[in-house]
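Participant: Structure incoming, see below.
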Amino acid sequence: MLRALFYKEWIKLRWPFLILGILGLASLVQAGLTLRYLVAMKEVGELWEGLIIKQQMPYASHLVFPQFCGLVLGIFQWFPETHKRRLRLMLHLPLREGLVVLVVVATGLFLTLSLALAHGFGLALLYGLRFPGEIVTALAWAWAPSMLAGLALYCGTAMVLMETAWWRRIAGALLVVGFYRMLTAGGPPAAYAEALGSYGLLTLCLVIMLFLPVMRAKRGGSL
Amino acid sequence: MTTLSRYAAMAFAIVVLATFLPRFFWQAMDGQQERVQMVYSSVAQSFLFWTQDRYGRDSYHFETGEEMDRRAYALLLPFRFARDLVRWGEMPEQVGGVDVNPETLYREVQEIRMRPRSLGGPEIPLYHLLEAASGFADLEMPKEVLRLSGKEAVFIRLRDGRPDMEKSQSFTEALERADFHFPAKKAWGNPTTRKPFDWGLFVLDARGDLFHLMQVQGRAVVRAALKDFSPGVRHVHVEEHRGRHVFGMLVDERGGVYRMNFPDYALKPLPLKGYDPSTMRLVWRRDPLVHQYTVMEDNALTLTVTDHGDNMLKEKRMELDPVRSESARKMASFLFPFRIFQSFPDSGFLTLRADVSRDFPLVTGLGLFSALFGLFLWRRFLGISWKASPLDWLVAGGCGFFGLLAIIWAGHVPARRLPERGKA
């Protein structure tokens with residue numbers, strides 16, 4: 001039954017996953033070309049100065065990819081459930097509600113995370129071929145909060161689509177946007193290094209809370 | 001699971017609300033402060049003030065309040081406005097009994113500014129070590145970067161990202177001969193070519209000793225700057241100046257601040273009481289006659305004037321109009337029992353640090369009580385028993401209005417499915 005449930009989610013997400021994979025690949029190609037252009041056009045010392053002293057991030061625009069993945073997969077996975085009470089139908093499967101929600105959410109998070117990880121690994125490889133480990137480590141530190149923002153956007157989208165009350169959807173969306181702003185507040189690459197665990201814990205809270213709107217959708221909730 | 005999920009939602013909401021609501025509140029309520037600069041005039045032997053009001057209007061006046069024009073202000077500060085005075089032909093030949101030569105004045109006047117933010121923050125542990133004696137007039141950025149965080153010094157060539165083994169070995173040996181212990185904890189320098197010469201890096205070794213590392217004609221010159229310095233080094237602000245009076249400023253782990261004198265690295269504690277480098281800004285200005293230390297706090301400005309032997313001559317503290325009014329602070333204490341900061345003045349990291357409101361404890365208590373009463377009214381409105389979810393009372397009582405809003409947003413989930421409408 002669990003395998004069937006996972007397969008059902010995969011069928012919903014396979015095309016968006018594939019398209020996002022292609023977009024990720026395109027983003028990596030562009031990142032590689034940008035780096036090649038910077039090396040060719042800029043004086044090499046200037047490029048290193050920017051990376052080390054000014055802590056510039058030529059890869060910054062590519063860090064949006066995990067967030068985009070979270071948003072798209074969240075919409076494609078949960079929007080169909082809002083039609084014709086499909087979510088309620090799913091919750092009437094002969095499995096514990098907790099397990100059903102866990103499998104469905106874990107599938108979405110797993111796919112978001114795998115796309116983000118593959119993209120992050122590709123970026124690290126691109127920079128690792130030309131720069132020393134310290135610069136690649138900085139890239140990894142910059143990627144981590146972006147990945148958390150992706151997971152937060154996935155959970156936020158799921159929560160907004162599943163909620164039963166409009167005011168709660170709007171309030172929830174505002175809170176998730178607030179958290180997204182906290183995770184993308186800028187600064188040097190390793191700005192989140194000291195408190196990444198706290199931000200991760202907060203993202204975990206957002207994942208755990210997804211059970212709440214699902215239960216509200218099933219049982220009906222009070223104000 | 002529903003209960004856990006509900007409290008996870010509350011925790012998430014509380015953190016986000018405690019980050020943003022106080023920020024929005026103070027964006028709306030913060031007042032505007034006049035810009036004030038307090039300086040000491042060795043000519044008038046008194047403090048002078050420049051203020052700029054919220055409309056950008058400048059005014060200059062004495063300590064007594066007597067106003068003057070901009071030209072008179074400049075004439076009283078010959079070391080600060082030397083170029084203007086030379087242009088007007090008004091440069092005095094002597095000030096306070098000391099001969100003034102406009103040609104060499106730039107060597108005598110030095111200014112160092114220190115901000116809390118410069119004390120800490122994320123950095124990439126690769127360093128640009130400039131060539132200090134290339135034989136050319138201008139400094140050049142190096143063609144390699146230095147890694148000191150391993151068991152040896154490694155120069156990485158910029159053109160291909162590979163280590164320069166020969167140079168790395170020569171620098172490692174030079175550092176080890178000077179009793180340097182790898183790996184380096186931190187290194188400070190001033191990696192720019194916009195300076196008259198280069199003083200290289202000040203490197204903190206694995207034991208906490210401070211070394212001065214320079215590159216002279218491709219070779220390492222290493223000197224032990226500080227050995228067995230008990231408070232420990234937190235930060236070194238390196239600044240090359242033609243006068244070569246000091247290497248820069250040093251901040252220790254206990255918050256003590258010192259001038260590191262040239263050429264013996266002797267530390268001279270700054271004659272400042274109550275200066276906290278983690279929260280206050282400092283401007284040190286040296287001229288041929290005195291040292292001026294300006295400490296800037298949120299609502300106060302302190303100027304300490306000493307002679308070159310660091311004997312205090314004058315000191316003045318000036319309270320500025322508070323940016324935040326008392327009524328706004330009281331309102332904030334009522335609404336927000338704590339707030340969460342992402343950034344702090346002395347760090348470039350984006351953390352999540354809670355700061356409990358301590359301004360008006362009674363008002364904060366009243367706010368928490370009001371949140372509890374709000375929860376009581378809300379439950380009464382919904383017809384929920386006061387015994388249900390007892391932890392909610394703790395959330396509202398501990399987190400005030402953040403908790404109340406989080407509880408309202410998280411809502412309740414009935415234990416069983418509600419009967420369908422019309423069938424009840």
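Identifiers in this document derive from the order of the structure tokens: chains are assigned A, B, ..., residues are numbered from 1 separately in each chain, and ligands are numbered from 1 in order of occurrence.
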Output as a tab-separated table one row per residue of chain B within 9 Å of chain A: the closest atom pair and its distance in Å to one decimal place, counting only C-alpha atoms, sorted by chain and residue number ascending.

Facilitator:
residue	atom	partner	partner_atom	distance
B:Met1	CA	A:Gly98	CA	7.1
B:Thr2	CA	A:Leu212	CA	6.0
B:Thr3	CA	A:Leu212	CA	8.5
B:Leu4	CA	A:Ile208	CA	7.6
B:Ser5	CA	A:Met209	CA	4.2
B:Arg6	CA	A:Met209	CA	6.2
B:Tyr7	CA	A:Met209	CA	7.9
B:Ala8	CA	A:Cys205	CA	4.7
B:Ala9	CA	A:Met209	CA	5.0
B:Met10	CA	A:Met209	CA	8.7
B:Ala11	CA	A:Cys205	CA	7.2
B:Phe12	CA	A:Leu202	CA	6.0
B:Ala13	CA	A:Leu175	CA	6.6
B:Val15	CA	A:Leu202	CA	8.3
B:Val16	CA	A:Phe179	CA	6.2
B:Leu17	CA	A:Leu175	CA	7.6
B:Thr19	CA	A:Met182	CA	8.7
B:Phe20	CA	A:Gly178	CA	7.4
B:Gly121	CA	A:Ala191	CA	7.5
B:Pro122	CA	A:Ala190	CA	5.6
B:Glu123	CA	A:Ala190	CA	7.4
B:Ile124	CA	A:Ile52	CA	5.8
B:Pro125	CA	A:Glu134	CA	6.8
B:Leu126	CA	A:Ile52	CA	6.9
B:Tyr127	CA	A:Ile52	CA	7.9
B:His128	CA	A:Glu49	CA	8.4
B:Met141	CA	A:Gly45	CA	7.4
B:Pro142	CA	A:Gly45	CA	7.7
B:Lys143	CA	A:Gly45	CA	6.7
B:Glu144	CA	A:Gly45	CA	8.3
B:Val145	CA	A:Trp48	CA	8.7
B:Ile156	CA	A:Pro132	CA	8.1
B:Leu158	CA	A:Val44	CA	6.5
B:Arg159	CA	A:Val44	CA	6.5
B:Asp160	CA	A:Arg130	CA	7.1
B:Gly161	CA	A:Phe131	CA	5.7
B:Arg162	CA	A:Pro132	CA	8.2
B:Pro191	CA	A:Ile53	CA	7.8
B:Gln342	CA	A:Met182	CA	7.8
B:Gly348	CA	A:Ala191	CA	6.6
B:Phe349	CA	A:Ala191	CA	4.4
B:Leu350	CA	A:Tyr192	CA	5.3
B:Thr351	CA	A:Ala195	CA	5.1
B:Leu352	CA	A:Ala195	CA	6.7
B:Leu382	CA	A:Leu223	CA	7.4
B:Ile408	CA	A:Leu223	CA	7.8
B:Trp409	CA	A:Arg168	CA	6.3
B:Ala410	CA	A:Leu212	CA	8.1
B:Gly411	CA	A:Leu223	CA	6.1
B:His412	CA	A:Ser222	CA	5.9
B:Val413	CA	A:Gly221	CA	5.2
B:Pro414	CA	A:Gly221	CA	6.4
B:Ala415	CA	A:Arg219	CA	8.1
B:Arg416	CA	A:Arg219	CA	6.4
B:Arg417	CA	A:Arg219	CA	4.0
B:Leu418	CA	A:Arg219	CA	5.9
B:Pro419	CA	A:Arg219	CA	8.9

Participant: Could you tell me, as a ChimeraX atom specification, which residues of segment 24-147 of chain A DSSP assigns to alpha helix (DSSP H) when given the backbone?

Facilitator: /A:24-41,44-52,65-78,86-91,97-128,133-147

Participant: With only C-alpha atoms as the counted atoms, please give the residues lying no more than 10 Å from Arg54 of chain B, apart from itself and same-chain residues fewer than 3 positions off, as JSON, numbers by chain.

Facilitator: {"B": [32, 33, 34, 35, 51, 57, 58]}

Participant: Please produce a file of those selected residues containing C-alpha atoms, as a PDB file, in the first residue's frame.

Facilitator:
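The result, written out as result.pdb:
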ATOM      1  CA  GLN B  32      14.799  60.891  13.826  1.00  0.00           C
ATOM      2  CA  GLN B  33      17.974  61.952  15.537  1.00  0.00           C
ATOM      3  CA  GLU B  34      20.036  65.005  14.723  1.00  0.00           C
ATOM      4  CA  ARG B  35      23.511  64.198  13.462  1.00  0.00           C
ATOM      5  CA  THR B  51      24.958  69.462  14.052  1.00  0.00           C
ATOM      6  CA  ARG B  57      20.609  72.181   7.860  1.00  0.00           C
ATOM      7  CA  ASP B  58      24.124  72.510   9.311  1.00  0.00           C
TER       8      ASP B  58
END

Participant: Write out as a list of chain:residue names each polymer residue whose atoms come within 10 Å of Phe79 of chain A, counting only C-alpha atoms; drop sequence neighbours fewer than 3 positions from it.

Facilitator: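 After dropping sequence-adjacent residues, the list is A:Leu73, A:Gly74, A:Ile75, A:Phe76, A:Thr82, A:His83, A:Thr157, A:Ala158, A:Val160, A:Leu161, A:Met162.
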
Participant: The selected residues should be written to file as a PDB file, in the first residue's frame (atoms: N, CA, C and O atoms).

Facilitator:
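Wrote out_15.pdb, looks like this:
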ATOM      1  N   LEU A  73       6.887  21.945  -7.038  1.00  0.00           N
ATOM      2  CA  LEU A  73       6.481  20.607  -6.604  1.00  0.00           C
ATOM      3  C   LEU A  73       5.332  20.688  -5.593  1.00  0.00           C
ATOM      4  O   LEU A  73       4.425  19.850  -5.607  1.00  0.00           O
ATOM      5  N   GLY A  74       5.359  21.702  -4.737  1.00  0.00           N
ATOM      6  CA  GLY A  74       4.268  21.901  -3.769  1.00  0.00           C
ATOM      7  C   GLY A  74       2.948  22.120  -4.495  1.00  0.00           C
ATOM      8  O   GLY A  74       1.923  21.509  -4.162  1.00  0.00           O
ATOM      9  N   ILE A  75       2.955  22.976  -5.508  1.00  0.00           N
ATOM     10  CA  ILE A  75       1.724  23.264  -6.262  1.00  0.00           C
ATOM     11  C   ILE A  75       1.252  21.999  -6.992  1.00  0.00           C
ATOM     12  O   ILE A  75       0.091  21.614  -6.900  1.00  0.00           O
ATOM     13  N   PHE A  76       2.178  21.333  -7.707  1.00  0.00           N
ATOM     14  CA  PHE A  76       1.770  20.164  -8.512  1.00  0.00           C
ATOM     15  C   PHE A  76       1.333  18.985  -7.639  1.00  0.00           C
ATOM     16  O   PHE A  76       0.514  18.179  -8.052  1.00  0.00           O
ATOM     17  N   THR A  82      -6.930  19.387  -3.824  1.00  0.00           N
ATOM     18  CA  THR A  82      -7.956  20.327  -3.360  1.00  0.00           C
ATOM     19  C   THR A  82      -9.267  20.159  -4.138  1.00  0.00           C
ATOM     20  O   THR A  82     -10.280  20.741  -3.779  1.00  0.00           O
ATOM     21  N   HIS A  83      -9.252  19.371  -5.210  1.00  0.00           N
ATOM     22  CA  HIS A  83     -10.437  19.181  -6.049  1.00  0.00           C
ATOM     23  C   HIS A  83     -11.224  17.959  -5.614  1.00  0.00           C
ATOM     24  O   HIS A  83     -10.654  16.919  -5.314  1.00  0.00           O
ATOM     25  N   THR A 157       3.351  26.087   0.500  1.00  0.00           N
ATOM     26  CA  THR A 157       2.391  25.886  -0.590  1.00  0.00           C
ATOM     27  C   THR A 157       1.376  24.816  -0.206  1.00  0.00           C
ATOM     28  O   THR A 157       0.154  24.997  -0.389  1.00  0.00           O
ATOM     29  N   ALA A 158       1.901  23.698   0.345  1.00  0.00           N
ATOM     30  CA  ALA A 158       1.008  22.605   0.760  1.00  0.00           C
ATOM     31  C   ALA A 158       0.019  23.098   1.809  1.00  0.00           C
ATOM     32  O   ALA A 158      -1.190  22.828   1.729  1.00  0.00           O
ATOM     33  N   VAL A 160      -1.025  26.205   2.480  1.00  0.00           N
ATOM     34  CA  VAL A 160      -1.986  27.174   1.943  1.00  0.00           C
ATOM     35  C   VAL A 160      -3.067  26.449   1.123  1.00  0.00           C
ATOM     36  O   VAL A 160      -4.255  26.769   1.218  1.00  0.00           O
ATOM     37  N   LEU A 161      -2.664  25.453   0.343  1.00  0.00           N
ATOM     38  CA  LEU A 161      -3.636  24.745  -0.494  1.00  0.00           C
ATOM     39  C   LEU A 161      -4.566  23.849   0.326  1.00  0.00           C
ATOM     40  O   LEU A 161      -5.717  23.631  -0.036  1.00  0.00           O
ATOM     41  N   MET A 162      -4.083  23.324   1.431  1.00  0.00           N
ATOM     42  CA  MET A 162      -4.892  22.380   2.216  1.00  0.00           C
ATOM     43  C   MET A 162      -5.790  23.046   3.243  1.00  0.00           C
ATOM     44  O   MET A 162      -6.763  22.460   3.690  1.00  0.00           O
TER      45      MET A 162
END

Participant: Taking only C-alpha atoms into account, which of B:Asp355, B:Asp198, B:Asp392, B:Glu240 comes nearest Ala18 of chain B?

Facilitator: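 Between B:Asp355, B:Asp198, B:Asp392, B:Glu240, the residue approaching Ala18 of chain B most closely is B:Asp355.
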
Participant: Using only C-alpha atoms, find the one residue out of B:Asp205, B:Glu297, B:Asp346, B:Glu166 that sits nearest to Asp179 of chain B.

Facilitator: B:Asp205

Participant: What gap, in Å, lies between atom CA of Phe373 of chain B and atom CA of Ser325 of chain B?

Facilitator: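 Separating atom CA of Phe373 of chain B from atom CA of Ser325 of chain B is a distance of 27.6 Å.
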